[in-house]
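The file input.tsv comes next; it holds TSV, C-alpha atoms.
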chain	number	residue	atom	x	y	z
A	1497	MET	CA	4.22	-6.97	21.16
A	1498	HIS	CA	7.19	-6.41	23.47
A	1499	ASP	CA	10.82	-6.08	22.47
A	1500	ALA	CA	13.76	-5.13	24.64
A	1501	PHE	CA	16.11	-2.39	23.54
A	1502	PRO	CA	19.44	-3.81	22.33
A	1503	ASP	CA	21.16	-2.82	25.58
A	1504	GLY	CA	18.28	-4.26	27.65
A	1505	ARG	CA	17.32	-0.93	29.31
A	1506	ARG	CA	13.56	-1.26	28.95
A	1507	GLN	CA	10.96	-3.02	26.92
A	1508	ARG	CA	9.08	-1.44	24.09
A	1509	SER	CA	5.46	-2.21	23.51
A	1510	ARG	CA	3.38	-1.76	20.43
A	1511	SER	CA	-0.39	-1.70	20.48
A	1512	LEU	CA	-2.19	-4.70	19.09
A	1513	ALA	CA	-3.95	-2.38	16.63
A	1514	VAL	CA	-0.62	-1.29	15.10
A	1515	THR	CA	0.59	-4.88	14.85
A	1516	VAL	CA	-2.64	-6.11	13.27
A	1517	PHE	CA	-2.82	-3.16	10.87
A	1518	LEU	CA	0.77	-3.70	9.69
A	1519	ALA	CA	0.07	-7.42	9.27
A	1520	VAL	CA	-3.02	-6.63	7.19
A	1521	LEU	CA	-1.00	-4.19	5.05
A	1522	ILE	CA	1.65	-6.87	4.47
A	1523	VAL	CA	-1.01	-9.41	3.44
A	1524	LEU	CA	-2.83	-6.96	1.13
A	1525	TYR	CA	0.34	-5.69	-0.53
A	1526	SER	CA	1.54	-9.30	-0.94
A	1527	PHE	CA	-1.74	-10.17	-2.62
A	1528	SER	CA	-1.42	-7.12	-4.87
A	1529	VAL	CA	2.14	-8.03	-5.86
A	1530	SER	CA	1.14	-11.65	-6.55
A	1531	VAL	CA	-1.88	-10.71	-8.66
A	1532	ASN	CA	0.07	-8.08	-10.60
A	1533	ILE	CA	2.95	-10.44	-11.33
A	1534	ALA	CA	0.50	-13.13	-12.46
A	1535	ALA	CA	-1.34	-10.64	-14.67
A	1536	LEU	CA	1.88	-9.29	-16.15
A	1537	THR	CA	3.39	-12.69	-16.89
A	1538	ASN	CA	0.29	-14.50	-18.17
A	1539	PRO	CA	-0.50	-13.43	-21.75
A	1540	ASP	CA	-4.27	-13.93	-21.36
A	1541	SER	CA	-4.40	-11.95	-18.12
A	1542	ASN	CA	-2.19	-9.27	-19.62
A	1543	ARG	CA	-4.58	-8.88	-22.58
A	1544	GLU	CA	-7.55	-8.63	-20.19
A	1545	LEU	CA	-5.72	-6.01	-18.13
A	1546	GLN	CA	-4.94	-4.01	-21.27
A	1547	GLY	CA	-8.61	-4.31	-22.26
A	1548	GLN	CA	-9.75	-2.89	-18.92
A	1549	PHE	CA	-7.16	-0.12	-18.95
A	1550	PRO	CA	-6.41	0.46	-22.65
A	1551	ASN	CA	-4.63	3.81	-22.29
A	1552	ALA	CA	-2.55	2.82	-19.25
A	1553	PRO	CA	1.14	3.53	-19.77
A	1554	GLY	CA	3.09	0.31	-20.26
A	1555	TRP	CA	5.20	1.02	-17.19
A	1556	PHE	CA	2.22	1.61	-14.86
A	1557	PHE	CA	1.53	-1.93	-13.60
A	1558	PRO	CA	5.21	-2.93	-13.17
A	1559	ALA	CA	5.82	0.33	-11.26
A	1560	VAL	CA	2.82	-0.22	-8.96
A	1561	THR	CA	4.02	-3.78	-8.36
A	1562	ILE	CA	7.50	-2.59	-7.37
A	1563	PHE	CA	6.12	0.08	-5.03
A	1564	ALA	CA	3.73	-2.43	-3.42
A	1565	ALA	CA	6.69	-4.78	-2.84
A	1566	LEU	CA	8.65	-1.92	-1.28
A	1567	ASN	CA	5.70	-1.18	1.02
A	1568	ILE	CA	5.91	-4.77	2.27
A	1569	VAL	CA	9.56	-4.16	3.17
A	1570	TRP	CA	8.71	-0.88	4.90
A	1571	ALA	CA	5.88	-2.48	6.92
A	1572	ILE	CA	8.22	-5.23	8.09
A	1573	ALA	CA	10.81	-2.60	9.06
A	1574	LEU	CA	8.13	-0.79	11.09
A	1575	LEU	CA	7.47	-4.04	12.93
A	1576	ARG	CA	11.20	-4.00	13.69
A	1577	TRP	CA	10.86	-0.52	15.24
A	1578	LYS	CA	12.37	1.57	12.41
A	1579	LYS	CA	10.91	5.10	12.19
A	1580	TRP	CA	12.50	5.73	8.77
A	1581	ALA	CA	10.27	2.96	7.42
A	1582	PHE	CA	7.17	5.09	8.03
A	1583	TYR	CA	8.67	7.92	5.98
A	1584	ALA	CA	9.62	5.45	3.23
A	1585	LEU	CA	6.09	4.01	3.26
A	1586	LEU	CA	4.69	7.55	3.12
A	1587	LEU	CA	6.88	8.35	0.11
A	1588	THR	CA	6.15	5.18	-1.86
A	1589	SER	CA	2.43	5.40	-1.08
A	1590	GLY	CA	2.43	9.02	-2.25
A	1591	VAL	CA	4.08	7.95	-5.49
A	1592	MET	CA	1.49	5.18	-5.88
A	1593	CYS	CA	-1.32	7.71	-5.40
A	1594	GLY	CA	0.30	9.91	-8.05
A	1595	LEU	CA	0.49	6.94	-10.39
A	1596	HIS	CA	-3.21	6.30	-9.86
A	1597	VAL	CA	-3.95	9.93	-10.79
A	1598	ILE	CA	-1.92	9.45	-13.99
A	1599	LEU	CA	-3.87	6.28	-14.78
A	1600	TYR	CA	-7.20	7.96	-14.02
A	1601	ARG	CA	-6.39	10.80	-16.41
A	1602	ALA	CA	-5.29	8.30	-19.10
A	1603	LEU	CA	-8.61	6.43	-19.01
A	1604	PRO	CA	-11.06	7.24	-21.78
A	1605	ALA	CA	-14.41	8.70	-20.76
A	1606	HIS	CA	-16.48	5.57	-20.34
A	1607	VAL	CA	-19.80	4.93	-18.71
A	1608	PRO	CA	-20.60	1.22	-18.34
A	1609	ILE	CA	-23.75	0.27	-20.23
A	1610	ASP	CA	-24.06	-3.08	-18.49
A	1611	PRO	CA	-24.80	-2.59	-14.76
A	1612	SER	CA	-22.62	-5.60	-13.93
A	1613	GLU	CA	-19.60	-3.97	-15.62
A	1614	VAL	CA	-17.16	-2.26	-13.27
A	1615	ASP	CA	-16.18	1.27	-14.24
A	1616	PRO	CA	-12.36	1.45	-14.35
A	1617	HIS	CA	-12.53	5.05	-13.09
A	1618	GLN	CA	-14.08	3.81	-9.86
A	1619	VAL	CA	-11.49	1.05	-9.51
A	1620	VAL	CA	-8.64	3.54	-9.87
A	1621	MET	CA	-10.18	6.06	-7.48
A	1622	VAL	CA	-10.93	3.45	-4.81
A	1623	SER	CA	-7.42	1.98	-5.10
A	1624	GLY	CA	-5.70	5.36	-4.83
A	1625	SER	CA	-7.92	6.48	-1.96
A	1626	THR	CA	-7.34	3.23	-0.08
A	1627	ILE	CA	-3.57	3.63	-0.33
A	1628	ALA	CA	-3.75	7.21	1.00
A	1629	GLY	CA	-6.22	6.26	3.72
A	1630	ALA	CA	-4.05	3.37	4.91
A	1631	VAL	CA	-1.11	5.72	5.53
A	1632	VAL	CA	-3.29	8.15	7.48
A	1633	ILE	CA	-4.78	5.35	9.59
A	1634	LEU	CA	-1.31	3.92	10.25
A	1635	PHE	CA	0.00	7.30	11.38
A	1636	VAL	CA	-2.95	7.77	13.75
A	1637	LEU	CA	-2.41	4.29	15.20
A	1638	LEU	CA	1.30	5.01	15.66
A	1639	ILE	CA	0.81	8.30	17.54
A	1640	VAL	CA	-2.05	7.19	19.81
A	1641	GLY	CA	-0.88	6.51	23.32
A	1642	GLY	CA	0.84	9.68	24.50
A	1643	PRO	CA	4.31	9.18	25.94
A	1644	ARG	CA	4.16	5.40	25.39
A	1645	SER	CA	2.93	5.66	21.80
A	1646	THR	CA	4.53	3.38	19.27
A	1647	TRP	CA	5.76	6.47	17.38
A	1648	ARG	CA	7.86	7.64	20.35
A	1649	GLN	CA	9.40	4.18	20.69
A	1650	LEU	CA	10.57	3.86	17.10
A	1651	ASP	CA	14.31	4.10	16.40
Rewrite the structure from the file as structure tokens, please.
Amino acid sequence: MHDAFPDGRRQRSRSLAVTVFLAVLIVLYSFSVSVNIAALTNPDSNRELQGQFPNAPGWFFPAVTIFAALNIVWAIALLRWKKWAFYALLLTSGVMCGLHVILYRALPAHVPIDPSEVDPHQVVMVSGSTIAGAVVILFVLLIVGGPRSTWRQLD
């Protein structure tokens, strides 16, 4: 993607990998926000969620939903060449990882008897690890490219 600086001095270019990765993050966080809002507002889904995570603090899922929505905003700001947006995404993702640690510790010791049953511990660990991994991958994609890296072109 190419964008001219506001004064027209030169064009900036972002690698396709950065653009695609940010687009994927936006789609995944949008899906997460949509699913969480549906689960929180539908009484049946909310009961099922509480059944899967019985000791989860009541504020956990609304907080994760808010932070996921903020990460959508930060990803869009990165597409608009704002360096502060990476730091904001790093902060909110770090908070989300911390929230997942809190949820993991709140879960009762449970080993699924039925092999088709998903262990909530695994769900929480995979979710938290994916959030952390996404930030690391994004940073690597931003700094690749030496003097013309996307990172060096951010405002």
Legend entry - Leu1521 in chain A environment, 10 Å, only C-alpha atoms, sequence neighbours closer than 3 positions dropped, as a PyMOL selection string: chain A and resi 1515-1518+1524-1527+1564+1567-1568+1571-1572+1627+1630-1631+1634
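Closest approach to Arg1601 in chain A among A:Arg1644, A:His1617, A:Arg1510, A:Arg1576 is made by A:His1617 (distances from all atoms listed in the file).
Considering the residues A:Val1619, A:Leu1545, A:Ala1535, A:Leu1575 and counting only C-alpha atoms, Ile1522 in chain A has its shortest atom-to-atom contact with A:Leu1575.
With CA of Asp1651 in chain A on one side and CA of Val1529 in chain A on the other, the separation reads 28.1 Å.
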Inset, instruction - Can you work out which one of A:Ser1612, A:Thr1646, A:Thr1561, A:Thr1626 has the shortest atom-to-atom distance to Asn1532 in chain A, counting all atoms listed in the file? - result: A:Thr1561
Inset, instruction - Kindly give the distance, in Å, that separates CA of Gly1642 in chain A and CA of Arg1508 in chain A, rounded to a single decimal. - result: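 Separation between CA of Gly1642 in chain A and CA of Arg1508 in chain A: 13.8 Å.
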Legend entry - Closest of A:Phe1563, A:Ala1605, A:Asn1538, A:Arg1648 to Leu1586 in chain A - atom-to-atom distances counting all atoms listed in the file: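 Of the candidates, the smallest distance to Leu1586 in chain A is held by A:Phe1563.
Nearest to Thr1537 in chain A of all the residues A:Phe1557, A:Ala1573, A:Gln1649, A:Gly1629 is A:Phe1557, based on only C-alpha atoms.
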Legend entry - For CA of Ser1530 in chain A and CA of Asp1615 in chain A, the interatomic separation in Å (one decimal):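 Between these atoms lies a distance of 22.9 Å.
Neighbouring residues of Ser1625 in chain A at 12 Å or closer, counting all atoms listed in the file and skipping chain neighbours under 5 positions away, are Ser1589, Gly1590, Met1592, Cys1593, Gly1594, Leu1595, His1596, Val1597, Gln1618, Val1619, Val1620, Ala1630, Val1631 and Val1632 of chain A.
Proximity to Tyr1600 in chain A was assessed for A:Gly1641, A:Pro1558, A:Pro1553, A:Pro1539 counting only C-alpha atoms; the smallest distance is recorded for A:Pro1553.
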